[in-house]
Amino acid sequence: MSASPFTPTGSIRSQKDRRRVVFATVIGTTVEWYDFFIYASAAGLVFGQLFFAPAGPQFATMLAFLTVGVSFLFRPLGAFLAGHFGDRYGRRVVLVATLILMGLSTALVGLLPTYEAIGIAAPILLVLLRVLQGISAGGEWGGAVLMAVEHAPTAKRGLFGASPQIGVPLGLLLASGAMAIMTQLAPGDAFLAWGWRVPFLLSVVLIAIGYWVRRRVEESPVFTEIAVRRERTRMPIVQVFRKHALLVIVAAFIFAGNNAVGYMTTGGYIQNYSTDPEGPLKLDRGPVLWAVAGSAVTWLLATAFAGWVSDRIGRRNTYIVGWILQLIGVFALFPLVNSGSVGMLFLGLAILTIGLGFTYGPQAALYSELFPASIRFSGVSISYAIGAILGGAFAPTIATALVQATGTTLSVTWYLAGMTVIGLLATLVLRDRTGIPLGPDHEAEQAASPIRGLSGRREPVDAVRS
C-alpha cells in the first residue's frame with residue numbers, strides 16, 4: 001500500500017477514511033481481546049481440571065487463574081517493544097504484528113494436549129503461550145488508541161478513542177458467546193474433551209479478517225508528520241521514564257482501578273465462582289456465559305457513551321462520574337450474584353459494567369493527551385501495561401484467595417472498592433487536558449506535566465533526526 005500524502009495533523013482526508021479507521025480499530029481490538037478473554041474464560045471453566053488436576057480442586061483453580069495473571073507480567077515487555085517500534089517506525093506496523101502474534105498463540109492453545117496426555121509439559125506449554133498473549137496485548141492497545149485518537153477531529157477524540165475501547169466488551173461478548181454455544185453443542189464431558197478447543201481454533205479466521213482490515217488503514221497523521229520532519233526520538237522508552245515517570249505511575253493507577261473490577265468477568269472469576277460444582281451457587285455453565293455475554297453489551301454501550309460524554313464535559317469529570325458509578329456497582333455485585341438466580345447475576349453485572357464503561361471509554365483520549373507526540377506510543381503503552389499488572393493481573397487469584405480465607409465474598413467487595421478509590425484519587429491528581437493539540441508542533445505544551453503542582457514544569461523531549 002502506498003504512503004498517503006501528508007495532511008495536517010489531526011485531520012483526515014475524507015469521511016470514508018475516518019470510518020475506515022474506526023472500523024479497523026474496533027475490529028482489530030475485538031479480535032485481540034476475543035483471543036485474550038477466551039483464555040480467561042477457559043481458565044475459569046476447564047483449565048484447572050485439564051492442566052492442573054494433580055494440585056487438587058481448589059489449588060488447581062488458583063493455578064489456572066495464576067496463568068491468567070502471568071501474561072500481565074509480560075505486558076510491559078510488549079509495551080516496551082511496541083512503544084519503541086511504534087514511535088520509531090509507525091503505529092500501523094506494530095498493530096499488524098501484535099494481531100498475528102496473538103492469533104497464532106491463541107490457536108496453538110486450542111491444539112495443546114492436556115496434563116493427562118503429556119504430563120507436566122502441558123501446563124508449561126500453556127504458560128508459554130499465555131506469555132506470548134501477554135506480549136501481544138501489551139503492544140496492541142497503545143497502537144490502536146493512537147490510530148483512533150490521532151486521526152480524530154479535536155472535538156471528537158473521546159468518541160473516536162472509544163472505538164478501540166469497545167473492542168474489549170465486544171471481545172468478551174464473542175468469547176462468552178462462543179463458549180456458551182459450545183456448551184450446547186458439546187455438553188458435559190464433550191465440552192471438557194473437545195468443545196472448549198473450538199473457540200480457540202476459530203481465532204485463525206478472525207485474525208485473517210483483522211489483518212485484512214488493518215492493512216488497509218493509513219498511518220497516523222501525527223506519526224506521518226514526525227517522520228516527514230525526521231524528528232523521531234532515539235530511545236522513546238528512556239525518555240518516558242527519565243522525564244515522565246511520575247505521570248506513568250499516576251496513569252497506571254487510573255487504569256488499575258478499572259481493570260481490577262473488570263477482571264471479575266473478563267478474568268473468569270464470576271464464571272468460575274457461579275458454576276463451581278463445589279461452590280455455593282452451582283449454576284449451569286451455559287446460562288452464566290450468556291449472562292456474561294449480555295453484560296458485555298451494557299459495557300459496550302456505556303463505554304461508547306462515556307467517550308462521547310468526555311468530549312462534552314472533559315475526561316476528568318467523566319472519570320469522576322464513572323468512579324462513583326463503579327463503586328455503586330461493586331457493592332451491588334455480590335449480593336445479586338449470591339441470590340443464586342442467573343437473572344440477578346446478569347443484573348449485578350449490568351450495573352457494574354455501567355461504571356466500568358465510564359472509567360474505560362475516555363481512557364484512550366485521556367492517555368493520548370497526557371504524553372508528548374514523539375514518545376506517546378511508549379507512554380500510553382507502558383502506563384497501560386503497568387496498570388494492568390497493578391489491577392487485573394491477579395484480581396481473580398486474589399478474589400479466590402480472599403473467599404477461601406474469609407469464607408465470604410464481602411472481602412472481595414472491599415478489595416474492589418479499594419481499587420476503585422485508588423483510581424478516583426489518581427484521577428483527582430491530574431488536570432484536565434481535553435482538547436490539547438497532539439501534533440509535534442506543540443511538544444513543549446504537551447511536555448508540561450498535567451499533575452497538579454507540577455503544571456508549570458516543561459520537559460521537552462530529546463529528539464534525533466533520522
# chains A, B, ... in the order shown; residues from 1 in each chain; ligands from 1
call {"tool": "select_by_dssp", "arguments": {"residues": "range 160-377 of chain A", "states": "alpha helix (DSSP H)", "output": "ChimeraX atom specification"}}
result
/A:160-165,167-185,189-190,197-201,203-215,221-229,236-266,269-275,285-313,315-337,342-358,363-368,376-377
call {"tool": "closest_atom_pairs", "arguments": {"of": "range 64-157 of chain A", "to": "range 203-212 of chain A", "cutoff": "10 Å", "atoms": "only C-alpha atoms", "output": "JSON lines"}}
result
{"residue": "A:Leu95", "atom": "CA", "partner": "A:Tyr211", "partner_atom": "CA", "distance": 9.0}
{"residue": "A:Val96", "atom": "CA", "partner": "A:Tyr211", "partner_atom": "CA", "distance": 6.3}
{"residue": "A:Ala97", "atom": "CA", "partner": "A:Tyr211", "partner_atom": "CA", "distance": 9.2}
{"residue": "A:Leu99", "atom": "CA", "partner": "A:Ile207", "partner_atom": "CA", "distance": 6.7}
{"residue": "A:Ile100", "atom": "CA", "partner": "A:Ile207", "partner_atom": "CA", "distance": 6.7}
{"residue": "A:Leu101", "atom": "CA", "partner": "A:Ile207", "partner_atom": "CA", "distance": 9.6}
{"residue": "A:Met102", "atom": "CA", "partner": "A:Ile207", "partner_atom": "CA", "distance": 8.5}
{"residue": "A:Gly103", "atom": "CA", "partner": "A:Ile207", "partner_atom": "CA", "distance": 5.8}
{"residue": "A:Leu104", "atom": "CA", "partner": "A:Val204", "partner_atom": "CA", "distance": 7.3}
{"residue": "A:Ser105", "atom": "CA", "partner": "A:Ser203", "partner_atom": "CA", "distance": 9.5}
{"residue": "A:Thr106", "atom": "CA", "partner": "A:Ser203", "partner_atom": "CA", "distance": 6.8}
{"residue": "A:Ala107", "atom": "CA", "partner": "A:Ser203", "partner_atom": "CA", "distance": 6.0}
{"residue": "A:Leu108", "atom": "CA", "partner": "A:Ser203", "partner_atom": "CA", "distance": 9.8}
{"residue": "A:Gly110", "atom": "CA", "partner": "A:Ser203", "partner_atom": "CA", "distance": 9.4}
call {"tool": "residues_around", "arguments": {"residues": "Ile135 in chain A", "least_positions_apart": "5", "cutoff": "8 Å", "atoms": "only C-alpha atoms", "output": "number ranges by chain"}}
result
A: 71, 74-79
call {"tool": "closest_atom_pairs", "arguments": {"of": "range 312-366 of chain A", "to": "range 247-255 of chain A", "cutoff": "9 Å", "atoms": "only C-alpha atoms", "output": "Markdown table"}}
result
| residue | atom | partner | partner_atom | distance |
| --- | --- | --- | --- | --- |
| A:Thr359 | CA | A:Phe255 | CA | 8.1 |
| A:Tyr360 | CA | A:Phe255 | CA | 7.9 |
| A:Gln363 | CA | A:Phe255 | CA | 8.0 |
call {"tool": "write_last_selection", "arguments": {"atoms": "N, CA and C atoms", "output": "tab-separated table (two decimals), in the first residue's frame"}}
result
chain	number	residue	atom	x	y	z
A	359	THR	N	-15.35	4.42	33.23
A	359	THR	CA	-13.94	4.52	33.62
A	359	THR	C	-13.03	3.85	32.59
A	360	TYR	N	-13.60	3.50	31.43
A	360	TYR	CA	-12.80	2.91	30.36
A	360	TYR	C	-12.97	3.65	29.03
A	363	GLN	N	-10.56	6.53	28.32
A	363	GLN	CA	-9.15	6.29	28.62
A	363	GLN	C	-8.23	6.55	27.43
call {"tool": "closest_residue", "arguments": {"among": "A:Met235, A:Val213, A:Leu283, A:Val31", "to": "Ser339 in chain A", "atoms": "only C-alpha atoms"}}
result
A:Leu283
call {"tool": "residues_around", "arguments": {"residues": "Gly142 in chain A", "least_positions_apart": "5", "cutoff": "10 Å", "atoms": "only C-alpha atoms", "output": "NGL selection string"}}
result
:A and (79 or 82-83 or 86 or 91 or 94-95 or 137 or 147 or 164 or 364 or 367-368 or 376-385)
call {"tool": "residues_around", "arguments": {"residues": "Pro199 in chain A", "least_positions_apart": "5", "cutoff": "10 Å", "atoms": "only C-alpha atoms", "output": "mmCIF file with N, CA and C atoms, in the first residue's frame"}}
result
data_model
loop_
_atom_site.group_PDB
_atom_site.id
_atom_site.type_symbol
_atom_site.label_atom_id
_atom_site.label_comp_id
_atom_site.auth_asym_id
_atom_site.auth_seq_id
_atom_site.Cartn_x
_atom_site.Cartn_y
_atom_site.Cartn_z
ATOM 1 N N TYR A 34 -10.923 -10.913 22.069
ATOM 2 C CA TYR A 34 -11.590 -12.220 21.980
ATOM 3 C C TYR A 34 -10.577 -13.309 22.330
ATOM 4 N N ASP A 35 -9.420 -13.239 21.706
ATOM 5 C CA ASP A 35 -8.375 -14.229 21.970
ATOM 6 C C ASP A 35 -7.980 -14.228 23.443
ATOM 7 N N ILE A 38 -10.994 -15.513 25.692
ATOM 8 C CA ILE A 38 -11.255 -16.946 25.538
ATOM 9 C C ILE A 38 -10.399 -17.728 26.521
ATOM 10 N N TYR A 39 -9.147 -17.298 26.646
ATOM 11 C CA TYR A 39 -8.251 -17.970 27.584
ATOM 12 C C TYR A 39 -8.760 -17.811 29.023
ATOM 13 N N ALA A 42 -11.807 -19.945 29.658
ATOM 14 C CA ALA A 42 -11.446 -21.359 29.771
ATOM 15 C C ALA A 42 -10.714 -21.635 31.082
ATOM 16 N N THR A 106 -3.034 -18.040 20.395
ATOM 17 C CA THR A 106 -4.367 -18.496 20.801
ATOM 18 C C THR A 106 -4.743 -19.804 20.116
ATOM 19 N N ALA A 107 -4.522 -19.872 18.807
ATOM 20 C CA ALA A 107 -4.847 -21.092 18.069
ATOM 21 C C ALA A 107 -4.055 -22.288 18.602
ATOM 22 N N GLY A 110 -5.541 -24.000 21.547
ATOM 23 C CA GLY A 110 -6.601 -24.917 21.163
ATOM 24 C C GLY A 110 -6.112 -26.277 20.711
ATOM 25 N N LEU A 174 -18.063 -11.916 22.291
ATOM 26 C CA LEU A 174 -17.763 -13.016 21.372
ATOM 27 C C LEU A 174 -17.205 -14.229 22.118
ATOM 28 N N ALA A 175 -16.307 -13.981 23.077
ATOM 29 C CA ALA A 175 -15.695 -15.090 23.809
ATOM 30 C C ALA A 175 -16.734 -15.838 24.639
ATOM 31 N N SER A 176 -17.554 -15.086 25.376
ATOM 32 C CA SER A 176 -18.584 -15.731 26.202
ATOM 33 C C SER A 176 -19.632 -16.414 25.329
ATOM 34 N N GLY A 177 -20.000 -15.747 24.224
ATOM 35 C CA GLY A 177 -20.977 -16.339 23.311
ATOM 36 C C GLY A 177 -20.464 -17.626 22.691
ATOM 37 N N ALA A 178 -19.189 -17.611 22.274
ATOM 38 C CA ALA A 178 -18.614 -18.812 21.666
ATOM 39 C C ALA A 178 -18.564 -19.967 22.669
ATOM 40 N N MET A 179 -18.166 -19.657 23.894
ATOM 41 C CA MET A 179 -18.130 -20.701 24.918
ATOM 42 C C MET A 179 -19.534 -21.206 25.242
ATOM 43 N N ILE A 181 -22.167 -21.257 23.272
ATOM 44 C CA ILE A 181 -22.642 -22.083 22.156
ATOM 45 C C ILE A 181 -22.031 -23.484 22.238
ATOM 46 N N MET A 182 -20.737 -23.533 22.578
ATOM 47 C CA MET A 182 -20.085 -24.837 22.640
ATOM 48 C C MET A 182 -20.590 -25.678 23.817
ATOM 49 N N VAL A 204 -8.146 -18.263 14.191
ATOM 50 C CA VAL A 204 -7.441 -18.171 12.903
ATOM 51 C C VAL A 204 -8.267 -17.386 11.893
#
call {"tool": "residues_around", "arguments": {"residues": "Val168 in chain A", "least_positions_apart": "5", "cutoff": "7 Å", "atoms": "only C-alpha atoms", "output": "short mmCIF file (atom, residue, chain, number, x, y, z; two decimals) with C-alpha atoms, in the first residue's frame"}}
result
data_model
loop_
_atom_site.label_atom_id
_atom_site.label_comp_id
_atom_site.auth_asym_id
_atom_site.auth_seq_id
_atom_site.Cartn_x
_atom_site.Cartn_y
_atom_site.Cartn_z
CA THR A 29 -9.10 -4.83 19.19
CA THR A 30 -12.19 -7.05 19.24
CA TRP A 33 -9.47 -9.31 23.17
#
call {"tool": "closest_atom_pairs", "arguments": {"of": "range 399-424 of chain A", "to": "range 429-432 of chain A", "cutoff": "12 Å", "atoms": "only C-alpha atoms", "output": "Markdown table"}}
result
| residue | atom | partner | partner_atom | distance |
| --- | --- | --- | --- | --- |
| A:Ile422 | CA | A:Val429 | CA | 10.9 |
| A:Gly423 | CA | A:Val429 | CA | 10.1 |
| A:Leu424 | CA | A:Val429 | CA | 8.9 |
call {"tool": "closest_residue", "arguments": {"among": "A:Leu246, A:Gly48, A:Tyr273, A:Tyr115", "to": "Ala60 in chain A", "atoms": "only C-alpha atoms"}}
result
A:Gly48
call {"tool": "residues_around", "arguments": {"residues": "Arg285 in chain A", "least_positions_apart": "6", "cutoff": "8 Å", "atoms": "only C-alpha atoms", "output": "PDB file with all heavy atoms, in the first residue's frame"}}
result
ATOM      1  N   ALA A 180     -20.492 -20.288  25.308  1.00  0.00           N
ATOM      2  CA  ALA A 180     -21.871 -20.694  25.609  1.00  0.00           C
ATOM      3  C   ALA A 180     -22.436 -21.597  24.521  1.00  0.00           C
ATOM      4  O   ALA A 180     -23.107 -22.599  24.807  1.00  0.00           O
ATOM      5  CB  ALA A 180     -22.747 -19.449  25.771  1.00  0.00           C
ATOM      6  N   THR A 183     -21.062 -25.044  24.892  1.00  0.00           N
ATOM      7  CA  THR A 183     -21.651 -25.842  25.974  1.00  0.00           C
ATOM      8  C   THR A 183     -22.943 -26.502  25.531  1.00  0.00           C
ATOM      9  O   THR A 183     -23.338 -27.539  26.079  1.00  0.00           O
ATOM     10  CB  THR A 183     -21.938 -24.973  27.224  1.00  0.00           C
ATOM     11  OG1 THR A 183     -22.893 -23.961  26.907  1.00  0.00           O
ATOM     12  CG2 THR A 183     -20.672 -24.353  27.766  1.00  0.00           C
ATOM     13  N   GLN A 271     -17.470 -16.338  36.395  1.00  0.00           N
ATOM     14  CA  GLN A 271     -17.843 -17.571  35.706  1.00  0.00           C
ATOM     15  C   GLN A 271     -17.501 -18.791  36.563  1.00  0.00           C
ATOM     16  O   GLN A 271     -18.295 -19.729  36.690  1.00  0.00           O
ATOM     17  CB  GLN A 271     -17.126 -17.671  34.347  1.00  0.00           C
ATOM     18  CG  GLN A 271     -17.538 -16.609  33.342  1.00  0.00           C
ATOM     19  CD  GLN A 271     -16.683 -15.370  33.394  1.00  0.00           C
ATOM     20  OE1 GLN A 271     -16.384 -14.862  34.477  1.00  0.00           O
ATOM     21  NE2 GLN A 271     -16.300 -14.870  32.222  1.00  0.00           N
ATOM     22  N   THR A 275     -20.353 -21.186  38.762  1.00  0.00           N
ATOM     23  CA  THR A 275     -20.580 -22.517  38.177  1.00  0.00           C
ATOM     24  C   THR A 275     -19.839 -23.634  38.902  1.00  0.00           C
ATOM     25  O   THR A 275     -20.040 -24.805  38.582  1.00  0.00           O
ATOM     26  CB  THR A 275     -20.160 -22.538  36.694  1.00  0.00           C
ATOM     27  OG1 THR A 275     -18.740 -22.282  36.593  1.00  0.00           O
ATOM     28  CG2 THR A 275     -20.912 -21.483  35.886  1.00  0.00           C
TER      29      THR A 275
END
call {"tool": "atom_distance", "arguments": {"atom1": "CA of Arg316 in chain A", "atom2": "CA of Gly348 in chain A"}}
result
26.0 Å
call {"tool": "atom_distance", "arguments": {"atom1": "CA of Phe305 in chain A", "atom2": "CA of Ser163 in chain A"}}
result
10.8 Å
